[in-house]
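Colleague: The structure is given below, and queries will be raised subsequently.
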Amino acid sequence: MLIKKVLIVIGSVLILVLAGCAIKSKGVAPNENIITVGVSAGPEEQLAIVAAKVALEKYGLEVKLVTFPDYITPNVALAKGTIDANVFQHKPFLDQQIAARGYKFAIAGYTFVYPLAAYSSKIQSIEELKNGDKIAVPSDSTNLARALLLLEKQGVLTLKEGSAHRATIHDIVKLRKQLKIIKVEASKLPSVFDDVQIAIINANYAREINLVPEKDGLFVEEDATAYINLIVARNDNVNTEKVKNFVKAYQSNEVYQAAMKAFKGGVIKGW
């Protein structure tokens with residue numbers, strides 16, 4: 001009787017183990033009809049929603065979107081495999097992240113150029129800047145350098161020769177008057193907009209407080225083509241059909257028209 005019970009238990013365990021293996025194997029096999037994509041919260045999420053609709057209608061691809069509040073966690077999630085791709089960063093930022101964190105990422109496609117601009121609720125011209133005035137800039141390294149180059153172009157400061165796209169606060173060799181350059185996390189720049197004389201804000205975050213570069217910018221990047229935003233995947237999945245189909249869906253006229261509307265014309269097609 002005891003032997004019979006033991007055999008029944010062993011048989012039950014084997015069934016559960018085999019069932020578990022079957023479920024695990026099924027879970028490992030990638031579903032080519034579903035893709036999970038990370039996006040920045042805000043207007044870029046709206047564009048991704050349009051891309052998801054196009055992907056489903058044209059390619060039978062179901063797109064699951066995951067929103068992120070910053071510029072760091074979307075790459076962390078991609079590296080961990082929590083998402084299949086993300087849409088939020090330009091190449092200088094991607095290159096910096098790969099160098100710093102060793103990510104095995106690849107560019108799957110290009111989206112839009114969103115010009116960086118300086119905004120102010122206090123002054124109408126940089127000529128109005130006074131000693132002690134504050135200028136808020138993005139704190140992440142690539143957008144910080146981008147902001148400093150923009151300020152140098154306006155004669156607000158002078159950077160160390162050769163620093164260019166790697167410029168930091170320490171590369172400022174000359175600063176107009178006694179201005180204070182304050183580094184702020186990019187997503188939080190809209191919240192300090194009214195507390196500083198100038199805030200240099202990325203277009204997606206500027207849109208959150210209804211600011212448009214060409215209309216509201218105190219001054220705007222003249223050539224931002226080096227900062228085309230990307231669709232990024234991992235080296236091991238960048239060539240999969242679902243990633244390719246998502247890229248095609250994003251690079252559609254429907255998404256372009258949605259971008260022009262969301263950013264009130266303040267975008268440049270990057271493909």
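So you can find residues: chains in the structure tokens are A, B, ... in the order shown, residues in each start at 1, and ligands are numbered from 1 in order.
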Quick one: contact table of stretch 112-144 of chain A to stretch 224-244 of chain A, 10 Å max, nearest atom pair and distance in Å to one decimal per residue, counting only C-alpha atoms, chain and number order, as a tab-separated table?
Modeller:
```
residue	atom	partner	partner_atom	distance
A:Phe112	CA	A:Asn229	CA	5.4
A:Val113	CA	A:Ile228	CA	4.5
A:Tyr114	CA	A:Ile228	CA	7.4
A:Pro115	CA	A:Ala224	CA	5.8
A:Leu116	CA	A:Ala224	CA	7.8
A:Thr142	CA	A:Tyr227	CA	9.8
A:Asn143	CA	A:Tyr227	CA	9.6
```
Colleague: For the residues selected in the previous step, produce a file with C-alpha atoms as a PDB file, in the first residue's frame.
Modeller:
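Output below, filename result.pdb:
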```
ATOM      1  CA  PHE A 112      12.298  62.127 -35.765  1.00  0.00           C
ATOM      2  CA  VAL A 113      14.563  65.025 -34.944  1.00  0.00           C
ATOM      3  CA  TYR A 114      13.206  67.091 -32.056  1.00  0.00           C
ATOM      4  CA  PRO A 115      15.127  70.382 -31.887  1.00  0.00           C
ATOM      5  CA  LEU A 116      16.373  71.434 -28.453  1.00  0.00           C
ATOM      6  CA  THR A 142      24.754  64.029 -24.062  1.00  0.00           C
ATOM      7  CA  ASN A 143      21.874  66.483 -23.686  1.00  0.00           C
TER       8      ASN A 143
END
```
Colleague: Going by DSSP on the backbone, which residues of stretch 39-186 of chain A come out as strand (DSSP E)? List them as a PyMOL selection string.
Modeller: chain A and resi 39-40+62-68+85-90+105-113+117-119+134-138+157-159+172-175+180-184
Colleague: Can you work out the spacing between atom CA of A:Leu61 and atom CA of A:Ala106 in Å, to one decimal?
Modeller: 21.0 Å
Colleague: So what do you get for atom CA of A:Lys58 versus atom CA of A:Glu45, distance-wise?
Modeller: 19.8 Å
Colleague: Tell me, counting only C-alpha atoms, for each residue of stretch 32-62 of chain A within 9 Å of stretch 205-222 of chain A, which pair of atoms is nearest and how far apart they are in Å to one decimal, in rows ordered by chain and increasing number, as a tab-separated table.
Modeller:
```
residue	atom	partner	partner_atom	distance
A:Ala41	CA	A:Tyr205	CA	8.9
A:Gly42	CA	A:Glu208	CA	6.8
A:Pro43	CA	A:Arg207	CA	7.1
```
Colleague: Report, in Å to a single decimal, how far apart atom CA of A:Ile172 and atom CA of A:Thr158 are.
Modeller: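 The value is 5.8 Å.
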Colleague: Going by DSSP on the backbone, which bits of stretch 31-245 of chain A are helix (DSSP H, G or I)? Write them as a PyMOL selection string, please.
Modeller: chain A and resi 43-59+73-80+91-101+126-128+141-153+164-166+169-171+186-195+203-209+213-216+225-227+241-245
Colleague: Show me, as a list in words, the residues that have an atom within 10 Å of A:Ala258 when counting only C-alpha atoms, minus same-chain residues fewer than 6 positions from it.
Modeller: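 Everything that qualifies: Pro43, Glu44, Gln46, Leu47, Ala48, Ile49, Val50, Ala51, Lys264 and Gly265 of chain A.
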Colleague: Would you please work out which residue, of A:Asn245, A:Asn86, A:Phe93, A:Ala79, is nearest to A:Glu32 when using only C-alpha atoms?
Modeller: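 Ranked by minimum distance to A:Glu32, first place goes to A:Asn245.
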Colleague: Using only C-alpha atoms, which protein or nucleic acid residues come within 9 Å of A:Lys174? Drop anything in the same chain fewer than 3 positions from it, and give the result as a PyMOL selection string.
Modeller: chain A and resi 156-160
Colleague: Those same residues, written as a PDB file, in the first residue's frame with all heavy atoms?
Modeller:
```
ATOM      1  N   VAL A 156      26.559  82.982 -24.905  1.00  0.00           N
ATOM      2  CA  VAL A 156      26.355  83.014 -23.456  1.00  0.00           C
ATOM      3  C   VAL A 156      27.600  82.516 -22.739  1.00  0.00           C
ATOM      4  O   VAL A 156      27.925  82.958 -21.639  1.00  0.00           O
ATOM      5  CB  VAL A 156      25.128  82.162 -23.062  1.00  0.00           C
ATOM      6  CG1 VAL A 156      24.983  82.074 -21.544  1.00  0.00           C
ATOM      7  CG2 VAL A 156      23.863  82.747 -23.688  1.00  0.00           C
ATOM      8  N   LEU A 157      28.305  81.576 -23.367  1.00  0.00           N
ATOM      9  CA  LEU A 157      29.507  81.014 -22.756  1.00  0.00           C
ATOM     10  C   LEU A 157      30.481  80.557 -23.843  1.00  0.00           C
ATOM     11  O   LEU A 157      30.144  80.542 -25.026  1.00  0.00           O
ATOM     12  CB  LEU A 157      29.141  79.842 -21.828  1.00  0.00           C
ATOM     13  CG  LEU A 157      28.278  78.706 -22.408  1.00  0.00           C
ATOM     14  CD1 LEU A 157      29.084  77.740 -23.246  1.00  0.00           C
ATOM     15  CD2 LEU A 157      27.586  77.938 -21.289  1.00  0.00           C
ATOM     16  N   THR A 158      31.676  80.220 -23.396  1.00  0.00           N
ATOM     17  CA  THR A 158      32.687  79.682 -24.304  1.00  0.00           C
ATOM     18  C   THR A 158      33.176  78.348 -23.726  1.00  0.00           C
ATOM     19  O   THR A 158      33.467  78.264 -22.534  1.00  0.00           O
ATOM     20  CB  THR A 158      33.880  80.636 -24.457  1.00  0.00           C
ATOM     21  OG1 THR A 158      33.401  81.904 -24.932  1.00  0.00           O
ATOM     22  CG2 THR A 158      34.906  80.074 -25.437  1.00  0.00           C
ATOM     23  N   LEU A 159      33.250  77.337 -24.587  1.00  0.00           N
ATOM     24  CA  LEU A 159      33.677  76.014 -24.158  1.00  0.00           C
ATOM     25  C   LEU A 159      35.132  75.757 -24.526  1.00  0.00           C
ATOM     26  O   LEU A 159      35.658  76.354 -25.464  1.00  0.00           O
ATOM     27  CB  LEU A 159      32.801  74.935 -24.806  1.00  0.00           C
ATOM     28  CG  LEU A 159      31.327  74.908 -24.391  1.00  0.00           C
ATOM     29  CD1 LEU A 159      30.543  73.961 -25.294  1.00  0.00           C
ATOM     30  CD2 LEU A 159      31.194  74.499 -22.926  1.00  0.00           C
ATOM     31  N   LYS A 160      35.757  74.879 -23.782  1.00  0.00           N
ATOM     32  CA  LYS A 160      37.124  74.479 -24.068  1.00  0.00           C
ATOM     33  C   LYS A 160      37.194  73.912 -25.486  1.00  0.00           C
ATOM     34  O   LYS A 160      36.323  73.140 -25.900  1.00  0.00           O
ATOM     35  CB  LYS A 160      37.578  73.415 -23.066  1.00  0.00           C
ATOM     36  CG  LYS A 160      39.031  72.993 -23.196  1.00  0.00           C
ATOM     37  CD  LYS A 160      39.344  71.805 -22.274  1.00  0.00           C
ATOM     38  CE  LYS A 160      39.066  72.177 -20.815  1.00  0.00           C
ATOM     39  NZ  LYS A 160      39.373  71.034 -19.906  1.00  0.00           N
TER      40      LYS A 160
END
```
Colleague: Would you mind listing what lies within 12 Å of A:Ala136 as a ChimeraX atom specification, with only C-alpha atoms counted and same-chain residues fewer than 2 positions away left out?
Modeller: /A:117-120,133-134,138-139,143-144,147-148,151,169,179-186,188-202
Colleague: I'd like the contact shell of A:Ile98 - 12 Å cut-off, only C-alpha atoms, skipping same-chain residues fewer than 2 positions apart - returned as a list in words.
Modeller: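 Result of the neighbour search: Ile72, Asn75, Val76, Ala79, Lys91, Pro92, Phe93, Leu94, Asp95, Gln96, Ala100, Arg101, Gly102, Tyr103, Lys104, Phe105, Ala106, Ile107, Val232 and Arg234 of chain A.
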Colleague: Would you mind exporting the chosen residues as an mmCIF file, in the first residue's frame, restricted to N, CA, C and O atoms?
Modeller:
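So the final result, stored in again19.cif, reads:
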```cif
data_model
loop_
_atom_site.group_PDB
_atom_site.id
_atom_site.type_symbol
_atom_site.label_atom_id
_atom_site.label_comp_id
_atom_site.auth_asym_id
_atom_site.auth_seq_id
_atom_site.Cartn_x
_atom_site.Cartn_y
_atom_site.Cartn_z
ATOM 1 N N ILE A 72 16.805 56.838 -18.496
ATOM 2 C CA ILE A 72 17.720 55.765 -18.092
ATOM 3 C C ILE A 72 17.049 54.391 -18.082
ATOM 4 O O ILE A 72 17.567 53.417 -18.636
ATOM 5 N N ASN A 75 16.496 51.804 -21.251
ATOM 6 C CA ASN A 75 17.619 50.966 -21.683
ATOM 7 C C ASN A 75 17.885 49.832 -20.695
ATOM 8 O O ASN A 75 18.297 48.736 -21.102
ATOM 9 N N VAL A 76 17.666 50.089 -19.421
ATOM 10 C CA VAL A 76 17.812 49.035 -18.418
ATOM 11 C C VAL A 76 16.818 47.913 -18.721
ATOM 12 O O VAL A 76 17.160 46.725 -18.700
ATOM 13 N N ALA A 79 17.843 45.927 -21.855
ATOM 14 C CA ALA A 79 18.962 45.027 -21.571
ATOM 15 C C ALA A 79 18.502 43.784 -20.811
ATOM 16 O O ALA A 79 18.991 42.679 -21.055
ATOM 17 N N LYS A 91 21.416 59.067 -31.179
ATOM 18 C CA LYS A 91 22.641 58.269 -31.241
ATOM 19 C C LYS A 91 23.726 58.704 -30.254
ATOM 20 O O LYS A 91 24.373 57.841 -29.641
ATOM 21 N N PRO A 92 23.995 59.989 -30.066
ATOM 22 C CA PRO A 92 25.006 60.362 -29.071
ATOM 23 C C PRO A 92 24.685 59.812 -27.677
ATOM 24 O O PRO A 92 25.573 59.367 -26.961
ATOM 25 N N PHE A 93 23.395 59.833 -27.306
ATOM 26 C CA PHE A 93 22.996 59.296 -26.004
ATOM 27 C C PHE A 93 23.175 57.782 -25.988
ATOM 28 O O PHE A 93 23.688 57.212 -25.011
ATOM 29 N N LEU A 94 22.763 57.118 -27.059
ATOM 30 C CA LEU A 94 22.914 55.665 -27.152
ATOM 31 C C LEU A 94 24.382 55.266 -27.065
ATOM 32 O O LEU A 94 24.736 54.333 -26.324
ATOM 33 N N ASP A 95 25.225 55.959 -27.798
ATOM 34 C CA ASP A 95 26.664 55.660 -27.776
ATOM 35 C C ASP A 95 27.241 55.806 -26.370
ATOM 36 O O ASP A 95 28.062 54.979 -25.931
ATOM 37 N N GLN A 96 26.806 56.857 -25.671
ATOM 38 C CA GLN A 96 27.302 57.085 -24.315
ATOM 39 C C GLN A 96 26.844 55.976 -23.376
ATOM 40 O O GLN A 96 27.603 55.487 -22.533
ATOM 41 N N ALA A 100 29.229 53.345 -21.383
ATOM 42 C CA ALA A 100 29.216 53.366 -19.918
ATOM 43 C C ALA A 100 28.703 52.071 -19.306
ATOM 44 O O ALA A 100 29.166 51.652 -18.242
ATOM 45 N N ARG A 101 27.764 51.408 -19.974
ATOM 46 C CA ARG A 101 27.086 50.268 -19.365
ATOM 47 C C ARG A 101 27.280 48.951 -20.104
ATOM 48 O O ARG A 101 26.799 47.907 -19.659
ATOM 49 N N GLY A 102 27.948 49.004 -21.256
ATOM 50 C CA GLY A 102 28.237 47.771 -21.982
ATOM 51 C C GLY A 102 27.031 47.118 -22.629
ATOM 52 O O GLY A 102 27.019 45.903 -22.871
ATOM 53 N N TYR A 103 26.006 47.886 -22.930
ATOM 54 C CA TYR A 103 24.812 47.329 -23.553
ATOM 55 C C TYR A 103 25.114 46.736 -24.928
ATOM 56 O O TYR A 103 25.902 47.296 -25.701
ATOM 57 N N LYS A 104 24.459 45.636 -25.250
ATOM 58 C CA LYS A 104 24.574 45.006 -26.568
ATOM 59 C C LYS A 104 23.353 45.418 -27.397
ATOM 60 O O LYS A 104 22.440 44.643 -27.650
ATOM 61 N N PHE A 105 23.345 46.682 -27.805
ATOM 62 C CA PHE A 105 22.209 47.248 -28.514
ATOM 63 C C PHE A 105 22.560 47.552 -29.971
ATOM 64 O O PHE A 105 23.726 47.724 -30.322
ATOM 65 N N ALA A 106 21.514 47.654 -30.778
ATOM 66 C CA ALA A 106 21.689 48.009 -32.190
ATOM 67 C C ALA A 106 20.550 48.925 -32.630
ATOM 68 O O ALA A 106 19.440 48.853 -32.088
ATOM 69 N N ILE A 107 20.820 49.770 -33.601
ATOM 70 C CA ILE A 107 19.797 50.665 -34.148
ATOM 71 C C ILE A 107 18.905 49.873 -35.096
ATOM 72 O O ILE A 107 19.381 49.274 -36.057
ATOM 73 N N VAL A 232 15.504 51.396 -30.969
ATOM 74 C CA VAL A 232 16.661 50.589 -30.574
ATOM 75 C C VAL A 232 16.203 49.214 -30.084
ATOM 76 O O VAL A 232 15.206 49.100 -29.359
ATOM 77 N N ARG A 234 17.963 44.972 -29.171
ATOM 78 C CA ARG A 234 19.196 44.283 -28.789
ATOM 79 C C ARG A 234 19.840 43.637 -30.011
ATOM 80 O O ARG A 234 19.172 43.383 -31.018
#
```
